[in-house]
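A.B. asks: What follows is entry_18.cif, made up of mmCIF, C-alpha atoms:
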```cif
data_model
loop_
_atom_site.label_atom_id
_atom_site.label_comp_id
_atom_site.auth_asym_id
_atom_site.auth_seq_id
_atom_site.Cartn_x
_atom_site.Cartn_y
_atom_site.Cartn_z
CA MET A 1 -12.35 -5.54 -33.43
CA ASP A 2 -14.89 -5.23 -30.58
CA ASN A 3 -15.64 -1.51 -30.26
CA THR A 4 -17.93 -1.87 -27.27
CA THR A 5 -16.82 -0.48 -23.92
CA ARG A 6 -16.10 -3.98 -22.65
CA GLY A 7 -14.21 -4.86 -25.84
CA LYS A 8 -11.99 -1.79 -25.61
CA LEU A 9 -11.16 -2.64 -22.00
CA GLN A 10 -10.39 -6.30 -22.65
CA PRO A 11 -6.63 -5.83 -23.24
CA TYR A 12 -6.33 -4.23 -19.82
CA MET A 13 -8.66 -6.59 -17.96
CA GLY A 14 -7.22 -9.90 -19.13
CA MET A 15 -3.61 -9.02 -18.39
CA ILE A 16 -3.81 -8.29 -14.70
CA LYS A 17 -5.01 -10.48 -11.83
CA LEU A 18 -7.06 -7.78 -10.14
CA LEU A 19 -8.35 -7.82 -6.60
CA SER A 20 -12.06 -8.46 -6.34
CA THR A 21 -12.35 -6.43 -3.17
CA VAL A 22 -12.90 -2.69 -3.03
CA SER A 23 -10.95 -2.46 0.20
CA GLY A 24 -8.74 0.60 0.22
CA LEU A 25 -10.56 2.39 -2.58
CA VAL A 26 -12.15 5.02 -0.38
CA VAL A 27 -10.32 8.32 -0.22
CA VAL A 28 -9.73 9.69 3.26
CA SER A 29 -12.55 12.11 4.06
CA VAL A 30 -11.67 13.55 7.43
CA GLY A 31 -12.27 17.29 7.52
CA GLY A 32 -9.31 19.43 6.51
CA LEU A 33 -7.16 16.46 5.59
CA TYR A 34 -9.57 15.59 2.79
CA PHE A 35 -9.38 19.09 1.32
CA TYR A 36 -5.61 19.25 1.71
CA ILE A 37 -5.14 15.93 -0.10
CA ASN A 38 -7.38 17.06 -2.94
CA TYR A 39 -5.52 20.38 -3.16
CA TYR A 40 -2.16 18.60 -3.22
CA LEU A 41 -3.26 16.15 -5.90
CA ASP A 42 -4.87 18.85 -8.07
CA LYS A 43 -1.74 20.98 -7.85
CA ASN A 44 0.86 18.27 -8.43
CA TYR A 45 -1.04 15.67 -10.48
CA PRO A 46 -3.75 17.61 -12.31
CA ILE A 47 -6.44 15.81 -14.27
CA ARG A 48 -6.71 16.85 -17.90
CA PRO A 49 -9.52 19.38 -18.48
CA GLU A 50 -11.14 17.38 -21.28
CA ILE A 51 -12.08 14.77 -18.68
CA THR A 52 -15.21 16.47 -17.40
CA SER A 53 -17.14 13.64 -15.72
CA LYS A 54 -17.12 14.08 -11.94
CA ALA A 55 -17.16 10.32 -11.46
CA THR A 56 -14.16 9.83 -13.73
CA ARG A 57 -12.24 12.66 -12.12
CA LYS A 58 -12.89 11.17 -8.68
CA LEU A 59 -11.55 7.80 -9.85
CA LEU A 60 -8.43 9.40 -11.30
CA ARG A 61 -7.88 11.36 -8.10
CA GLY A 62 -8.15 8.10 -6.20
CA ALA A 63 -5.58 6.57 -8.54
CA ALA A 64 -3.19 9.47 -7.97
CA LEU A 65 -3.64 9.04 -4.21
CA ARG A 66 -2.66 5.38 -4.52
CA GLU A 67 0.25 6.22 -6.83
CA HIS A 68 1.82 9.07 -4.87
CA ILE A 69 0.52 9.47 -1.30
CA ALA A 70 -0.54 6.05 -0.03
CA PRO A 71 1.08 3.82 -2.67
CA ASP A 72 -0.70 0.64 -3.68
CA PRO A 73 -0.20 -0.04 -7.41
CA GLN A 74 -2.85 -2.75 -7.60
CA ILE A 75 -5.54 -0.48 -6.22
CA ALA A 76 -4.26 2.38 -8.40
CA TYR A 77 -4.65 0.09 -11.42
CA MET A 78 -8.23 -0.71 -10.43
CA PHE A 79 -9.03 2.99 -10.12
CA MET A 80 -7.62 3.71 -13.57
CA LEU A 81 -9.36 0.72 -15.16
CA SER A 82 -12.67 1.96 -13.75
CA ALA A 83 -11.91 5.48 -15.00
CA LEU A 84 -11.15 4.10 -18.46
CA GLU A 85 -14.42 2.18 -18.46
CA GLN A 86 -16.28 5.38 -17.56
CA ILE A 87 -14.50 7.33 -20.30
CA TYR A 88 -15.36 4.73 -22.94
CA SER A 89 -18.96 4.52 -21.70
CA ASP A 90 -19.34 8.30 -21.93
CA GLY A 91 -17.97 8.20 -25.49
CA ASP A 92 -16.32 11.60 -25.24
CA LEU A 93 -12.73 10.41 -25.76
CA ASP A 94 -11.31 7.60 -27.89
CA GLU A 95 -8.30 5.40 -27.22
CA SER A 96 -5.98 7.63 -29.25
CA SER A 97 -6.77 10.74 -27.23
CA GLU A 98 -3.97 12.29 -25.22
CA ALA A 99 -5.86 11.81 -21.95
CA VAL A 100 -6.49 8.10 -22.51
CA GLN A 101 -2.92 7.45 -23.65
CA GLU A 102 -1.57 9.06 -20.50
CA ILE A 103 -3.83 6.87 -18.36
CA ILE A 104 -2.68 3.73 -20.19
CA VAL A 105 0.98 4.57 -19.51
CA ARG A 106 0.16 5.02 -15.82
CA MET A 107 -1.67 1.69 -15.82
CA ALA A 108 1.34 -0.02 -17.37
CA HIS A 109 3.62 1.47 -14.72
CA ALA A 110 1.30 0.17 -12.00
CA ALA A 111 1.20 -3.27 -13.65
CA ALA A 112 5.00 -3.42 -13.69
CA GLN A 113 5.12 -2.49 -10.02
CA ILE A 114 2.96 -5.47 -9.05
CA GLY A 115 5.14 -7.86 -11.02
CA GLU A 116 3.13 -8.05 -14.24
CA GLN A 117 6.04 -7.11 -16.49
CA LYS A 118 4.80 -8.84 -19.63
CA PRO A 119 1.42 -7.07 -19.88
CA ALA A 120 3.03 -3.81 -18.78
CA LYS A 121 5.56 -4.12 -21.61
CA GLN A 122 2.79 -4.89 -24.12
CA MET A 123 0.80 -1.82 -23.07
CA LEU A 124 3.87 0.41 -23.25
CA GLU A 125 4.95 -0.92 -26.66
CA THR A 126 1.46 -0.16 -27.99
CA ALA A 127 1.61 3.34 -26.51
CA TRP A 128 5.11 3.81 -27.97
CA ASP A 129 3.96 2.85 -31.47
CA LYS A 130 1.36 5.61 -31.32
CA VAL A 131 4.02 8.31 -31.01
CA VAL A 132 7.13 6.74 -32.59
CA ASP A 133 7.21 5.07 -36.02
CA SER A 134 9.21 1.99 -37.02
CA ASP A 135 12.16 4.18 -38.08
CA GLY A 136 12.31 5.87 -34.69
CA ARG A 137 10.72 9.12 -35.81
CA ILE A 138 8.35 10.86 -33.42
CA HIS A 139 5.09 11.33 -35.26
CA GLY A 140 1.55 12.54 -35.34
CA LEU A 141 -0.57 11.44 -32.39
CA GLY A 142 -1.67 14.31 -30.17
CA ASP A 143 -2.58 17.93 -30.78
CA SER A 144 0.83 19.42 -30.03
CA GLU A 145 4.49 18.64 -30.52
CA SER A 146 5.10 19.40 -26.86
CA TRP A 147 2.68 16.67 -25.77
CA ARG A 148 4.25 14.14 -28.16
CA MET A 149 7.71 14.82 -26.76
CA GLN A 150 6.45 14.52 -23.20
CA GLN A 151 4.60 11.30 -24.02
CA VAL A 152 7.73 9.77 -25.57
CA CYS A 153 9.56 10.50 -22.31
CA ARG A 154 6.72 9.12 -20.19
CA VAL A 155 6.65 5.85 -22.12
CA ALA A 156 10.44 5.53 -22.25
CA ASP A 157 10.73 6.06 -18.49
CA ALA A 158 8.53 3.01 -17.92
CA LEU A 159 9.47 0.88 -20.95
CA GLY A 160 13.25 1.28 -20.83
CA PRO A 161 13.80 -0.63 -17.57
CA LEU A 162 11.53 -3.46 -18.75
CA LEU A 163 13.52 -3.80 -21.98
CA MET A 164 16.74 -3.93 -19.98
CA ASP A 165 15.30 -6.60 -17.68
CA CYS A 166 14.31 -8.66 -20.75
CA GLY A 167 17.78 -8.38 -22.28
CA GLU A 168 16.50 -6.35 -25.25
CA TYR A 169 19.46 -4.00 -25.11
CA LYS A 170 19.41 -2.76 -28.70
CA THR A 171 15.74 -1.86 -28.38
CA ALA A 172 16.51 -0.14 -25.08
CA ILE A 173 19.24 1.89 -26.82
CA ARG A 174 16.77 3.03 -29.48
CA THR A 175 14.14 3.80 -26.86
CA TYR A 176 16.42 5.86 -24.64
CA GLY A 177 17.94 7.54 -27.71
CA THR A 178 14.53 8.64 -28.94
CA ALA A 179 13.62 9.86 -25.45
CA LEU A 180 16.84 11.88 -25.32
CA GLN A 181 15.95 13.39 -28.68
CA ALA A 182 12.53 14.35 -27.30
CA ALA A 183 14.07 15.85 -24.16
CA ARG A 184 16.46 17.87 -26.29
CA THR A 185 13.50 19.23 -28.26
CA MET A 186 12.14 20.56 -24.98
CA GLN A 187 15.51 22.12 -24.09
CA ASN A 188 14.09 25.64 -24.26
CA ASP A 189 12.82 24.74 -20.80
CA ASP A 190 16.11 25.20 -18.94
CA SER A 191 14.80 23.73 -15.70
CA ASP A 192 16.89 21.55 -13.43
CA ASP A 193 14.32 18.75 -13.81
CA LEU A 194 14.72 18.69 -17.58
CA LEU A 195 18.51 18.80 -17.35
CA LEU A 196 18.40 15.91 -14.90
CA LYS A 197 16.09 13.97 -17.23
CA GLN A 198 18.52 14.40 -20.11
CA ALA A 199 21.41 13.28 -17.91
CA ASN A 200 19.39 10.24 -16.84
CA TYR A 201 18.77 9.27 -20.47
CA VAL A 202 22.47 9.60 -21.28
CA THR A 203 23.28 7.40 -18.27
CA SER A 204 20.65 4.83 -19.28
CA LEU A 205 22.02 4.83 -22.84
CA GLY A 206 25.49 4.21 -21.48
CA GLU A 207 24.26 1.30 -19.40
CA ALA A 208 22.40 -0.17 -22.38
CA PHE A 209 25.51 0.12 -24.58
CA ALA A 210 27.57 -1.61 -21.87
CA MET A 211 25.08 -4.47 -21.58
CA ASP A 212 25.15 -4.76 -25.38
CA LYS A 213 28.97 -5.03 -25.14
CA ASP A 214 29.59 -1.72 -26.95
CA TYR A 215 31.99 -0.63 -24.24
CA GLU A 216 33.54 2.29 -26.11
CA SER A 217 30.17 3.99 -26.60
CA ALA A 218 29.28 3.24 -22.99
CA ARG A 219 32.53 4.74 -21.72
CA THR A 220 32.10 7.89 -23.83
CA LEU A 221 28.55 8.45 -22.62
CA LEU A 222 29.02 7.66 -18.96
CA SER A 223 32.21 9.70 -18.60
CA SER A 224 30.44 12.68 -20.15
CA VAL A 225 27.50 12.86 -17.76
CA LEU A 226 29.00 15.05 -15.03
CA VAL A 227 30.63 17.35 -17.55
CA ASP A 228 27.40 17.67 -19.50
CA ILE A 229 25.40 18.58 -16.40
CA LYS A 230 27.86 21.36 -15.64
CA LYS A 231 27.88 22.62 -19.20
CA ARG A 232 24.12 22.12 -19.66
CA GLU A 233 24.54 20.31 -22.95
CA GLN A 234 24.56 16.71 -24.16
CA PRO A 235 27.20 14.75 -26.10
CA LYS A 236 26.61 14.92 -29.84
CA ASN A 237 28.75 12.10 -31.22
CA VAL A 238 27.73 8.61 -30.09
CA VAL A 239 24.21 9.63 -29.12
CA ASP A 240 23.38 11.12 -32.50
CA LYS A 241 23.62 7.80 -34.26
CA TRP A 242 20.75 6.51 -32.13
CA THR A 243 18.50 9.58 -32.17
#
```
Represent the structure from my file as structure tokens, please.

C.D. replies:
Amino acid sequence: MDNTTRGKLQPYMGMIKLLSTVSGLVVVSVGGLYFYINYYLDKNYPIRPEITSKATRKLLRGAALREHIAPDPQIAYMFMLSALEQIYSDGDLDESSEAVQEIIVRMAHAAAQIGEQKPAKQMLETAWDKVVDSDGRIHGLGDSESWRMQQVCRVADALGPLLMDCGEYKTAIRTYGTALQAARTMQNDDSDDLLLKQANYVTSLGEAFAMDKDYESARTLLSSVLVDIKKREQPKNVVDKWT
């Protein structure tokens, strides 16, 4: 394995046909607008504190701008690839660090948006294997259980639709089931966003069951969604066999 900076980046460079131009990479810098954009990004899409390099943080802020404010996934990918190169060059974080894994998931999402589903799926499957073992158990990467659960959800949100598009319905069922398990683990957070996320996973599971021709499981799950939102709980029969 090539452990140089360039070698570590190779899986992400060879997969995507990147633009050679830097057009559109410059963040708007007009007086108050510049400061407001930075404030908005820092508040809503904060950069992890262990990323201390100013250059890297600027690149990641640029990526967030191109993900959420002025969307352009190809330019966002370029920002994140450059940030990853800077991180590897600095040597402060390795590929298994929480910060790097989060960036890779964002890169995969951007790749999928520009039509590069195959490399996006490969990146996400690699990220998934770092937090979920072959038996579907969420395991050891990361410093906290909370981060692992959140990372499982992040990967599943991007990987699930790609699996469905590829016709890998059984794998999609396992993926969404594991994500639902992770979301349940975070159920002490009784926020509307978390409840909606759980409902979305149940719906996605139902759709995956239907596409896999398990119509009874699909019917049970999909008919339960509205009731479960009102009751703030999830069905515990069909789902449990996949979580």

A.B. asks: Please provide the set of residues having any atom within 8 Å of segment 181-184 of chain A, restricted to all atoms listed in the file, with same-chain residues fewer than 4 positions apart removed, written as an mmCIF file with C-alpha atoms, in the frame of the given file.

C.D. replies:
```cif
data_model
loop_
_atom_site.group_PDB
_atom_site.id
_atom_site.type_symbol
_atom_site.label_atom_id
_atom_site.label_comp_id
_atom_site.auth_asym_id
_atom_site.auth_seq_id
_atom_site.Cartn_x
_atom_site.Cartn_y
_atom_site.Cartn_z
ATOM 1 C CA MET A 149 7.710 14.820 -26.760
ATOM 2 C CA GLN A 150 6.450 14.520 -23.200
ATOM 3 C CA VAL A 152 7.730 9.770 -25.570
ATOM 4 C CA CYS A 153 9.560 10.500 -22.310
ATOM 5 C CA GLY A 177 17.940 7.540 -27.710
ATOM 6 C CA LEU A 194 14.720 18.690 -17.580
ATOM 7 C CA LYS A 197 16.090 13.970 -17.230
ATOM 8 C CA GLN A 198 18.520 14.400 -20.110
ATOM 9 C CA THR A 243 18.500 9.580 -32.170
#
```

A.B. asks: Expand the PyMOL selection byres ((chain A and resi 41-55) around 9) into the explicit residue set it covers here, and present it as a list in words.

C.D. replies: Tyr36, Ile37, Asn38, Tyr39, Tyr40, Thr56, Arg57, Lys58, Leu59, Leu60, Arg61, Ala64, Leu65, His68, Ile69, Ala83, Gln86, Ile87, Asp90, Asp92, Leu93 and Ala99 of chain A

A.B. asks: Give me, please, the distance in Å between atom CA of Thr178 of chain A and atom CA of Arg137 of chain A, quoted to one decimal.

C.D. replies: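 Separating atom CA of Thr178 of chain A from atom CA of Arg137 of chain A is a distance of 7.9 Å.
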
A.B. asks: Write out as number ranges by chain which residues come within 12 Å of Asp214 of chain A when counting all atoms listed in the file, dropping same-chain ones fewer than 4 positions away.

C.D. replies: A: 169-170, 173, 205-210, 218-221, 238

A.B. asks: Quick one: of A:Phe35, A:Tyr88, A:Tyr215, A:Tyr176, who's nearest to Pro161 of chain A, counting only C-alpha atoms?

C.D. replies: A:Tyr176

A.B. asks: As an exercise, work out the distance from atom CA of Ala110 of chain A to atom CA of Asp212 of chain A in Å and give it to one decimal place.

C.D. replies: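 Atom CA of Asp212 of chain A lies at a distance of 27.8 Å from atom CA of Ala110 of chain A.
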
A.B. asks: Which residues are near Pro73 of chain A? Cut-off 7 Å, all atoms listed in the file, ignore same chain within fewer than 6 positions. Put them as number ranges by chain.

C.D. replies: A: 66-67, 110, 113-114

A.B. asks: To one decimal in Å, tell me the separation between atom CA of Tyr77 of chain A and atom CA of Glu125 of chain A.

C.D. replies: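 These two atoms are separated by 18.0 Å.
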
A.B. asks: Name the residues captured by the PyMOL selection byres ((chain A and resi 107) around 9) when it is applied to the shown file; answer as a list in words.

C.D. replies: Tyr12, Pro73, Ala76, Tyr77, Met78, Met80, Leu81, Glu102, Ile103, Ile104, Val105, Arg106, Ala108, His109, Ala110, Ala111, Ala112, Ala120 and Met123 of chain A

A.B. asks: What lies within 12 Å of Glu168 of chain A using only C-alpha atoms, ignoring chain neighbours under 3 positions off, as a PDB file with C-alpha atoms, in the coordinates of the input?

C.D. replies:
```
ATOM      1  CA  LYS A 121       5.560  -4.120 -21.610  1.00  0.00           C
ATOM      2  CA  LEU A 159       9.470   0.880 -20.950  1.00  0.00           C
ATOM      3  CA  GLY A 160      13.250   1.280 -20.830  1.00  0.00           C
ATOM      4  CA  PRO A 161      13.800  -0.630 -17.570  1.00  0.00           C
ATOM      5  CA  LEU A 162      11.530  -3.460 -18.750  1.00  0.00           C
ATOM      6  CA  LEU A 163      13.520  -3.800 -21.980  1.00  0.00           C
ATOM      7  CA  MET A 164      16.740  -3.930 -19.980  1.00  0.00           C
ATOM      8  CA  ASP A 165      15.300  -6.600 -17.680  1.00  0.00           C
ATOM      9  CA  THR A 171      15.740  -1.860 -28.380  1.00  0.00           C
ATOM     10  CA  ALA A 172      16.510  -0.140 -25.080  1.00  0.00           C
ATOM     11  CA  ILE A 173      19.240   1.890 -26.820  1.00  0.00           C
ATOM     12  CA  ARG A 174      16.770   3.030 -29.480  1.00  0.00           C
ATOM     13  CA  THR A 175      14.140   3.800 -26.860  1.00  0.00           C
ATOM     14  CA  ALA A 208      22.400  -0.170 -22.380  1.00  0.00           C
ATOM     15  CA  PHE A 209      25.510   0.120 -24.580  1.00  0.00           C
ATOM     16  CA  MET A 211      25.080  -4.470 -21.580  1.00  0.00           C
ATOM     17  CA  ASP A 212      25.150  -4.760 -25.380  1.00  0.00           C
TER      18      ASP A 212
END
```
